[in-house]
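Note: the block below is start-v5.tsv and it holds TSV, C-alpha atoms and all ligand atoms.
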chain	number	residue	atom	x	y	z
J	72	MET	CA	-24.96	40.73	47.83
J	73	SER	CA	-21.97	41.60	45.71
J	74	LYS	CA	-22.24	42.85	42.15
J	75	LEU	CA	-21.24	40.15	39.66
J	76	LEU	CA	-22.24	41.72	36.36
J	77	GLU	CA	-22.68	45.38	35.56
J	78	ILE	CA	-23.88	46.48	32.15
J	79	ASN	CA	-23.59	50.19	31.41
J	80	ASN	CA	-25.13	51.89	28.37
J	81	LEU	CA	-24.69	48.89	26.12
J	82	SER	CA	-25.71	49.30	22.47
J	83	THR	CA	-25.45	46.61	19.80
J	84	ASN	CA	-26.25	47.36	16.16
J	85	PHE	CA	-26.65	45.25	13.03
J	86	PHE	CA	-25.45	46.88	9.84
J	87	THR	CA	-28.06	45.56	7.39
J	88	PRO	CA	-28.90	46.40	3.76
J	89	ARG	CA	-32.06	48.10	5.09
J	90	GLY	CA	-30.03	50.36	7.37
J	91	ILE	CA	-28.63	50.31	10.89
J	92	LEU	CA	-30.75	48.10	13.13
J	93	LYS	CA	-30.51	49.10	16.79
J	94	ALA	CA	-31.08	45.65	18.34
J	95	VAL	CA	-29.89	46.68	21.82
J	96	ASN	CA	-30.25	50.36	22.53
J	97	ASN	CA	-28.40	51.83	25.50
J	98	ILE	CA	-29.30	49.28	28.17
J	99	SER	CA	-27.95	49.21	31.74
J	100	TYR	CA	-28.53	46.69	34.51
J	101	ASN	CA	-26.74	44.71	37.22
J	102	VAL	CA	-26.79	41.12	38.33
J	103	ASN	CA	-25.67	40.29	41.87
J	104	SER	CA	-23.93	37.05	42.83
J	105	GLY	CA	-26.48	34.28	43.23
J	106	GLU	CA	-29.33	36.40	41.89
J	107	ILE	CA	-31.88	35.21	39.30
J	108	VAL	CA	-32.79	37.94	36.83
J	109	GLY	CA	-35.58	37.38	34.30
J	110	ILE	CA	-35.65	39.20	30.96
J	111	VAL	CA	-39.04	39.32	29.22
J	112	GLY	CA	-40.36	40.96	26.08
J	113	GLU	CA	-41.98	40.18	22.76
J	114	SER	CA	-40.15	38.58	19.86
J	115	GLY	CA	-37.47	40.86	18.41
J	116	SER	CA	-37.14	43.06	21.49
J	117	GLY	CA	-33.40	42.38	21.81
J	118	LYS	CA	-33.32	39.76	24.55
J	119	SER	CA	-31.08	37.27	22.76
J	120	VAL	CA	-28.79	39.91	21.25
J	121	SER	CA	-28.25	41.41	24.71
J	122	ALA	CA	-27.29	37.93	25.99
J	123	LEU	CA	-25.01	37.24	23.02
J	124	SER	CA	-23.36	40.61	23.67
J	125	ILE	CA	-22.38	39.45	27.17
J	126	MET	CA	-21.05	36.17	25.77
J	127	GLY	CA	-19.02	37.91	23.05
J	128	LEU	CA	-21.01	35.93	20.46
J	129	VAL	CA	-22.71	38.65	18.41
J	130	PRO	CA	-22.15	37.63	14.76
J	131	ASN	CA	-19.76	40.20	13.31
J	132	PRO	CA	-20.47	41.20	10.57
J	133	PRO	CA	-23.28	42.29	10.47
J	134	GLY	CA	-23.43	42.87	14.25
J	135	LYS	CA	-21.25	45.09	16.43
J	136	ILE	CA	-21.28	46.36	19.99
J	137	ILE	CA	-20.98	50.07	19.37
J	138	SER	CA	-20.82	51.42	22.91
J	139	GLY	CA	-21.01	50.64	26.58
J	140	GLU	CA	-19.29	48.50	29.18
J	141	ILE	CA	-19.84	44.96	30.42
J	142	ILE	CA	-18.12	44.60	33.78
J	143	PHE	CA	-17.90	41.00	34.98
J	144	ASN	CA	-16.20	40.38	38.30
J	145	GLY	CA	-14.68	43.86	38.17
J	146	GLN	CA	-13.26	43.64	34.63
J	147	ASN	CA	-14.61	45.18	31.41
J	148	ILE	CA	-14.90	42.04	29.30
J	149	LEU	CA	-15.55	44.04	26.13
J	150	LYS	CA	-11.81	44.71	26.22
J	151	PHE	CA	-10.93	40.99	26.43
J	152	SER	CA	-9.10	39.23	23.57
J	153	ASN	CA	-10.87	36.36	21.78
J	154	SER	CA	-8.88	33.74	23.65
J	155	LYS	CA	-9.60	35.36	27.03
J	156	MET	CA	-13.30	35.46	26.11
J	157	ARG	CA	-13.23	31.77	25.17
J	158	LYS	CA	-11.84	30.93	28.61
J	159	LEU	CA	-14.44	33.10	30.29
J	160	ARG	CA	-17.23	31.38	28.34
J	161	SER	CA	-16.12	27.91	29.26
J	162	LYS	CA	-15.49	28.50	32.93
J	163	GLU	CA	-17.20	31.59	34.29
J	164	ILE	CA	-20.26	32.32	32.16
J	165	SER	CA	-22.20	29.63	30.36
J	166	MET	CA	-25.24	29.80	28.15
J	167	ILE	CA	-28.15	27.41	27.66
J	168	PHE	CA	-29.91	27.86	24.33
J	169	GLN	CA	-33.53	27.34	23.37
J	170	GLU	CA	-32.98	24.36	21.12
J	171	PRO	CA	-30.38	21.92	22.49
J	172	MET	CA	-29.84	20.18	19.14
J	173	THR	CA	-28.21	23.34	17.81
J	174	CYS	CA	-25.53	23.06	20.50
J	175	LEU	CA	-25.13	19.33	21.01
J	176	ASN	CA	-22.94	17.65	18.42
J	177	PRO	CA	-25.07	14.95	16.71
J	178	VAL	CA	-22.14	12.67	15.90
J	179	LEU	CA	-20.60	12.56	19.38
J	180	THR	CA	-21.89	10.56	22.35
J	181	ILE	CA	-23.14	12.45	25.40
J	182	GLN	CA	-20.10	11.15	27.26
J	183	ARG	CA	-17.66	12.67	24.75
J	184	GLN	CA	-19.43	16.03	24.88
J	185	LEU	CA	-19.36	16.16	28.67
J	186	THR	CA	-15.87	14.77	29.24
J	187	GLU	CA	-14.36	16.98	26.53
J	188	THR	CA	-15.37	20.13	28.44
J	189	LEU	CA	-14.12	18.73	31.73
J	190	GLU	CA	-10.78	17.51	30.38
J	191	LEU	CA	-10.13	20.67	28.40
J	192	HIS	CA	-11.14	23.29	30.93
J	193	LEU	CA	-10.76	21.63	34.32
J	194	LYS	CA	-7.81	19.45	33.25
J	195	LEU	CA	-9.42	16.31	34.68
J	196	THR	CA	-8.05	12.88	33.72
J	197	PRO	CA	-10.35	10.65	31.60
J	198	LYS	CA	-11.23	8.62	34.68
J	199	GLN	CA	-12.02	11.68	36.78
J	200	SER	CA	-14.08	13.25	34.01
J	201	PHE	CA	-16.11	10.04	33.53
J	202	SER	CA	-17.01	9.93	37.19
J	203	ARG	CA	-17.77	13.68	37.22
J	204	SER	CA	-20.02	13.20	34.15
J	205	LYS	CA	-22.06	10.60	35.99
J	206	GLU	CA	-22.32	12.92	38.97
J	207	LEU	CA	-23.47	15.79	36.71
J	208	LEU	CA	-26.16	13.65	35.07
J	209	SER	CA	-27.50	12.66	38.45
J	210	MET	CA	-27.53	16.36	39.46
J	211	VAL	CA	-29.77	17.13	36.49
J	212	GLY	CA	-32.11	14.27	37.37
J	213	ILE	CA	-30.95	11.63	34.87
J	214	PRO	CA	-30.95	8.35	36.81
J	215	ASP	CA	-29.46	5.81	34.41
J	216	ALA	CA	-26.29	7.81	33.78
J	217	GLU	CA	-24.00	5.07	32.46
J	218	ARG	CA	-26.47	4.05	29.79
J	219	ILE	CA	-27.34	7.61	28.79
J	220	LEU	CA	-23.68	8.60	28.49
J	221	LYS	CA	-23.23	6.06	25.68
J	222	ASN	CA	-26.12	7.54	23.69
J	223	PHE	CA	-26.10	10.04	20.83
J	224	PRO	CA	-28.23	13.19	21.28
J	225	HIS	CA	-30.92	12.26	18.69
J	226	THR	CA	-31.89	9.13	20.62
J	227	LEU	CA	-32.97	11.22	23.64
J	228	SER	CA	-36.19	13.13	24.29
J	229	GLY	CA	-36.28	16.94	24.17
J	230	GLY	CA	-36.50	17.19	27.95
J	231	MET	CA	-33.56	14.83	28.36
J	232	ARG	CA	-31.45	16.80	25.86
J	233	GLN	CA	-32.20	20.01	27.71
J	234	ARG	CA	-31.05	18.33	30.96
J	235	ILE	CA	-27.80	17.34	29.22
J	236	MET	CA	-27.32	20.95	28.09
J	237	ILE	CA	-27.78	22.07	31.68
J	238	ALA	CA	-25.25	19.45	32.82
J	239	ILE	CA	-22.72	20.80	30.32
J	240	ALA	CA	-23.52	24.39	31.30
J	241	ILE	CA	-22.92	23.74	35.01
J	242	SER	CA	-19.98	21.37	34.57
J	243	CYS	CA	-17.33	24.00	35.35
J	244	ASN	CA	-19.33	25.66	38.17
J	245	PRO	CA	-19.86	28.96	36.33
J	246	LYS	CA	-20.56	32.15	38.27
J	247	LEU	CA	-23.26	33.13	35.77
J	248	ILE	CA	-25.62	31.01	33.67
J	249	ILE	CA	-27.58	32.65	30.85
J	250	ALA	CA	-30.61	30.58	29.88
J	251	ASP	CA	-32.20	31.84	26.65
J	252	GLU	CA	-35.76	30.47	26.46
J	253	PRO	CA	-34.53	27.16	27.85
J	254	THR	CA	-37.93	25.50	27.86
J	255	THR	CA	-40.01	26.83	24.96
J	256	ALA	CA	-39.37	23.71	22.88
J	257	LEU	CA	-40.74	21.49	25.68
J	258	ASP	CA	-44.22	20.60	26.85
J	259	VAL	CA	-45.66	22.31	29.90
J	260	THR	CA	-44.99	19.68	32.60
J	261	ILE	CA	-41.40	19.20	31.44
J	262	GLN	CA	-40.98	23.01	31.32
J	263	ALA	CA	-41.81	23.26	35.00
J	264	GLN	CA	-39.43	20.41	35.88
J	265	ILE	CA	-36.54	21.98	33.96
J	266	LEU	CA	-37.14	25.42	35.49
J	267	ASP	CA	-37.32	23.94	38.99
J	268	LEU	CA	-34.11	22.09	38.25
J	269	LEU	CA	-32.35	25.23	37.01
J	270	LYS	CA	-33.41	27.12	40.10
J	271	THR	CA	-32.23	24.38	42.49
J	272	ILE	CA	-28.94	23.90	40.69
J	273	THR	CA	-28.04	27.57	40.52
J	274	SER	CA	-28.70	27.86	44.23
J	275	ASP	CA	-26.69	24.66	44.97
J	276	ILE	CA	-23.63	25.77	43.02
J	277	GLY	CA	-24.11	29.40	44.07
J	278	SER	CA	-24.25	30.82	40.55
J	279	ALA	CA	-26.34	33.72	39.30
J	280	MET	CA	-28.72	33.27	36.38
J	281	ILE	CA	-30.22	35.41	33.66
J	282	ILE	CA	-33.33	33.70	32.36
J	283	ILE	CA	-34.86	34.93	29.11
J	284	THR	CA	-38.50	34.17	28.34
J	285	HIS	CA	-41.68	35.41	26.68
J	286	ASN	CA	-43.66	34.41	29.73
J	287	LEU	CA	-44.00	36.84	32.64
J	288	GLY	CA	-45.68	34.04	34.62
J	289	ILE	CA	-42.41	32.09	34.54
J	290	VAL	CA	-40.24	34.95	35.75
J	291	ALA	CA	-42.68	35.87	38.51
J	292	LYS	CA	-42.21	32.38	39.89
J	293	TYR	CA	-38.49	31.86	39.31
J	294	ALA	CA	-36.73	35.24	39.22
J	295	ASP	CA	-35.73	37.64	41.97
J	296	ARG	CA	-35.85	40.56	39.59
J	297	VAL	CA	-37.43	41.23	36.20
J	298	LEU	CA	-36.25	43.35	33.29
J	299	VAL	CA	-38.76	44.12	30.55
J	300	MET	CA	-37.39	44.83	27.08
J	301	TYR	CA	-39.23	46.63	24.32
J	302	GLY	CA	-37.76	47.67	20.97
J	303	GLY	CA	-34.15	47.15	22.09
J	304	LYS	CA	-34.55	49.08	25.35
J	305	ILE	CA	-35.13	48.09	28.95
J	306	ILE	CA	-38.36	49.85	29.84
J	307	GLU	CA	-38.90	48.45	33.35
J	308	ASN	CA	-36.64	46.90	36.01
J	309	SER	CA	-38.30	45.75	39.23
J	310	PRO	CA	-38.24	43.18	42.03
J	311	ALA	CA	-40.18	40.21	40.62
J	312	GLU	CA	-42.95	40.22	43.18
J	313	GLU	CA	-43.65	43.91	42.78
J	314	ILE	CA	-43.87	43.94	39.00
J	315	TYR	CA	-46.51	41.24	39.09
J	316	TYR	CA	-48.88	43.25	41.29
J	317	SER	CA	-47.78	46.77	40.55
J	318	PRO	CA	-46.27	47.28	37.09
J	319	LYS	CA	-45.19	50.83	36.28
J	320	HIS	CA	-45.08	50.66	32.49
J	321	PRO	CA	-48.10	50.19	30.20
J	322	TYR	CA	-46.23	47.62	28.12
J	323	THR	CA	-45.59	45.47	31.20
J	324	LEU	CA	-49.25	45.86	32.13
J	325	GLY	CA	-50.15	44.60	28.65
J	326	LEU	CA	-47.85	41.59	29.01
J	327	LEU	CA	-49.33	40.77	32.41
J	328	ARG	CA	-52.85	40.97	31.09
J	329	ALA	CA	-51.87	38.52	28.37
J	330	VAL	CA	-50.73	35.87	30.91
J	331	PRO	CA	-53.27	33.55	32.55
J	332	ARG	CA	-53.23	34.21	36.31
J	333	LEU	CA	-54.00	31.70	39.01
J	334	ASP	CA	-55.21	34.44	41.34
J	335	ALA	CA	-57.82	35.95	39.01
J	336	PRO	CA	-61.17	34.79	37.65
J	337	ILE	CA	-60.85	32.90	34.39
J	338	LYS	CA	-61.51	35.16	31.41
J	339	ASN	CA	-62.80	33.77	28.17
J	340	GLN	CA	-60.07	35.44	26.22
J	341	LEU	CA	-56.63	36.70	27.13
J	342	GLU	CA	-55.90	40.25	26.16
J	343	THR	CA	-53.27	40.94	23.57
J	344	ILE	CA	-51.39	44.17	23.01
J	345	GLU	CA	-52.64	45.78	19.85
J	346	GLY	CA	-50.27	47.06	17.20
J	347	THR	CA	-46.84	45.91	16.13
J	348	THR	CA	-43.36	46.22	17.57
J	349	PRO	CA	-41.24	49.14	16.34
J	350	ASP	CA	-39.03	48.87	13.28
J	351	LEU	CA	-35.56	48.97	14.83
J	352	THR	CA	-33.98	50.49	11.73
J	353	GLU	CA	-36.09	53.62	12.06
J	354	SER	CA	-35.27	56.46	14.43
J	355	ILE	CA	-38.30	57.08	16.57
J	356	ILE	CA	-39.23	60.41	18.10
J	357	GLY	CA	-40.70	60.25	21.57
J	358	CYS	CA	-41.52	57.03	23.44
J	359	ASN	CA	-41.21	53.98	21.17
J	360	PHE	CA	-44.35	52.43	22.76
J	361	SER	CA	-46.59	55.51	22.41
J	362	SER	CA	-48.29	54.35	19.18
J	363	ARG	CA	-49.61	51.26	21.02
J	364	CYS	CA	-50.18	52.86	24.41
J	365	GLU	CA	-53.59	53.58	25.91
J	366	PHE	CA	-52.05	56.15	28.29
J	367	SER	CA	-50.11	58.07	25.64
J	368	THR	CA	-50.15	61.88	25.75
J	369	ASN	CA	-48.75	64.62	23.51
J	370	LYS	CA	-45.56	64.63	25.53
J	371	CYS	CA	-45.08	60.87	24.98
J	372	GLU	CA	-45.14	61.39	21.23
J	373	LYS	CA	-42.48	64.10	21.40
J	374	GLU	CA	-40.09	63.19	24.21
J	375	ASP	CA	-38.45	59.87	24.99
J	376	PRO	CA	-39.11	59.18	28.70
J	377	PRO	CA	-35.97	58.69	30.83
J	378	PHE	CA	-35.47	55.58	32.93
J	379	SER	CA	-36.52	56.84	36.39
J	380	ILE	CA	-36.92	55.44	39.87
J	381	VAL	CA	-40.58	54.68	40.68
J	382	GLY	CA	-40.22	52.59	43.86
J	383	LYS	CA	-37.66	50.69	45.91
J	384	GLU	CA	-35.20	49.25	43.36
J	385	HIS	CA	-37.95	49.74	40.78
J	386	TYR	CA	-37.34	51.74	37.56
J	387	SER	CA	-39.54	52.55	34.60
J	388	ALA	CA	-39.24	54.56	31.38
J	389	CYS	CA	-42.72	56.10	31.18
J	390	TRP	CA	-44.04	59.65	31.56
J	391	GLU	CA	-47.31	58.30	32.94
J	392	SER	CA	-45.94	55.62	35.28
J	393	ASN	CA	-48.06	56.86	38.22
J	394	LYS	CA	-51.25	56.30	36.20
J	395	ILE	CA	-50.73	52.58	35.52
J	396	PRO	CA	-53.51	50.56	37.19
J	397	LYS	CA	-53.10	47.15	38.84
J	398	PRO	CA	-53.31	44.34	36.28
F	401	LIG	N1	-27.73	38.22	12.71
F	401	LIG	C1	-28.61	39.22	12.64
F	401	LIG	N2	-28.65	40.05	11.58
F	401	LIG	C2	-29.51	41.07	11.50
F	401	LIG	N3	-30.42	41.37	12.46
F	401	LIG	C3	-30.45	40.57	13.54
F	401	LIG	C4	-29.55	39.46	13.69
F	401	LIG	N4	-29.83	38.86	14.88
F	401	LIG	C5	-30.84	39.56	15.43
F	401	LIG	N5	-31.22	40.57	14.64
F	401	LIG	C6	-32.28	41.57	14.91
F	401	LIG	O1	-32.09	42.11	16.20
F	401	LIG	C7	-33.34	42.36	16.83
F	401	LIG	C8	-33.37	41.72	18.19
F	401	LIG	O2	-33.34	40.31	18.01
F	401	LIG	P1	-33.30	39.28	19.21
F	401	LIG	O3	-32.93	37.97	18.61
F	401	LIG	O4	-32.43	39.78	20.29
F	401	LIG	O5	-34.81	39.27	19.69
F	401	LIG	P2	-35.45	38.44	20.90
F	401	LIG	O6	-35.99	39.43	21.87
F	401	LIG	O7	-34.45	37.45	21.41
F	401	LIG	O8	-36.66	37.72	20.16
F	401	LIG	P3	-37.24	36.23	20.34
F	401	LIG	O9	-38.15	36.30	21.51
F	401	LIG	O10	-37.98	35.99	19.06
F	401	LIG	O11	-36.10	35.28	20.54
F	401	LIG	C9	-34.41	41.83	15.87
F	401	LIG	O12	-34.92	42.91	15.14
F	401	LIG	C10	-33.64	40.89	14.98
F	401	LIG	O13	-34.24	40.81	13.70
F	402	MG	MG	-34.36	35.38	21.36

Using structure tokens, write down the structure from this file.
Ligand SMILES: Nc1ncnc2c1ncn2[C@@H]1O[C@H](COP(=O)(O)OP(=O)(O)OP(=O)(O)O)[C@@H](O)[C@H]1O
Ligand SMILES: [Mg+2]
Amino acid sequence: MSKLLEINNLSTNFFTPRGILKAVNNISYNVNSGEIVGIVGESGSGKSVSALSIMGLVPNPPGKIISGEIIFNGQNILKFSNSKMRKLRSKEISMIFQEPMTCLNPVLTIQRQLTETLELHLKLTPKQSFSRSKELLSMVGIPDAERILKNFPHTLSGGMRQRIMIAIAISCNPKLIIADEPTTALDVTIQAQILDLLKTITSDIGSAMIIITHNLGIVAKYADRVLVMYGGKIIENSPAEEIYYSPKHPYTLGLLRAVPRLDAPIKNQLETIEGTTPDLTESIIGCNFSSRCEFSTNKCEKEDPPFSIVGKEHYSACWESNKIPKP
């Protein structure tokens, strides 16, 4: 598989009245063509900011990418002009957000929103773009396309709106789709349908996907590889199957224990990870998880563990990675 996206030592800060907030702190990872990469982590761990950094959409001020490289298709896109970035966003990389109403325009029909993208970026004629819109809606499982196209977003259900967002996101056959919590606003059955749909579509159009979620159960099922973020850093990167059975970071272990598993006896209560996430405006000495970690040693409190190889294509930032039990 060829490398599509390569992120090297990326750091994104917010310059806030409380001080410099290190939202994304020196992260590196790759995405191959056609690969599905899941990013998991608690609220505030930097998942969305890392995605917005790729899209060139970090609000500036107060945010700024302060170092690193984002190589997409062989080019460092951090060096791109605004207009070049806009083109890249419409054609090559597209993003699906958590709440579709924030992206769909409430005063335009679905048809306008779909055909506008197609006419502007693919230079289709109105007739061509209308027929392509119908085709896209049927790809995302909307049967009555002609009727739906005439509707305004607020008249549709949440699941339907998310399908429309996916239709817009795939309309120009992007090489990479970033889906940021695409299903949290939906109920559980619809969630599964949308995730199945995303997986089928990315494989049909041959695009890669980064899927961001709180739920390790979701990534285990849908992703090829999983990145775990904690306090702005990537603390584990592993093939999806392996991380589920053999995590090598205590934080990942904690997340896994908090997810209901089909293959384990039902517990009365799910475990939660005690303690709170680090304050990203403070500089922390040692491992930023040590205050919450049951395996923490003296060394963990003094020295930040490097990201090291712990298995085949499996990396973890933990001094005690060989002591982590099965979940
Ligand atoms: N516009 C902003 N101004 C200041 N700080 C911000 C801004 N956007 C994000 N942050 C901070 O950056 C950090 C990372 O936020 P981010 O949105 O990436 O978290 P997340 O992992 O996506 O969380 P969630 O799961 O809740 O979506 C947080 O501490 C957040 O408060
Ligand atoms: Mg987020």

Atom pair atom CA of Leu75 of chain J / atom CA of Val102 of chain J: separation (Å):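 Atom-to-atom, atom CA of Leu75 of chain J to atom CA of Val102 of chain J, that is 5.8 Å.
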
Atomic separation - atom CA of Leu185 of chain J relative to atom CA of Leu247 of chain J, Å: 18.8 Å

Kindly provide, as a list in words, all nucleotide and amino acid residues lying within 9 Å of ligand MG 402 (chain F), counting all atoms listed in the file.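 Result of the 9 Å neighbour search around ligand MG 402 (chain F): Ser114, Gly115, Ser116, Gly117, Lys118, Ser119, Val120, Ala122, Gln169, Asp251, Glu252, Ile283 and Thr284 of chain J.
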
Rank J:Ile314, J:Met72, J:Leu191, J:Cys243 by their smallest atom-to-atom distance to Ser104 of chain J, using only C-alpha atoms, and report the top residue only. J:Met72

Take the point (-39.9, 44.3, 31.7) in the file's coordinates, draw a sphere of radius 10 Å around it, and report as an NGL selection string every protein, DNA or RNA residue with an atom inside or on it, counting all atoms listed in the file. :J and (109-112 or 287 or 296-301 or 304-309 or 311 or 314 or 318-320 or 322-324 or 326 or 386-387)

Counting only C-alpha atoms, note down every residue that has an atom within 12 Å of the point (-11.4, 29.2, 30.2) (file coordinates), as a PyMOL selection string. chain J and resi 153-165+188-194+243-245

Find the spatial neighbours of Asn96 of chain J, counting all atoms listed in the file, within a cut-off of 10 Å - ignore same-chain residues fewer than 5 positions away - and output them as a PyMOL selection string. chain J and resi 80-84+117+121+137-138+301-305+351

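Counting from atom CA of Ser362 of chain J, the distance to atom CA of Thr347 of chain J is 9.1 Å.
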
Out of J:Glu217, J:Glu113, J:Glu106, J:Asp267, which residue has the shortest atom-to-atom distance to ligand LIG 401 (chain F) when counting all atoms listed in the file?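 So, comparing all the options, the nearest one is J:Glu113.
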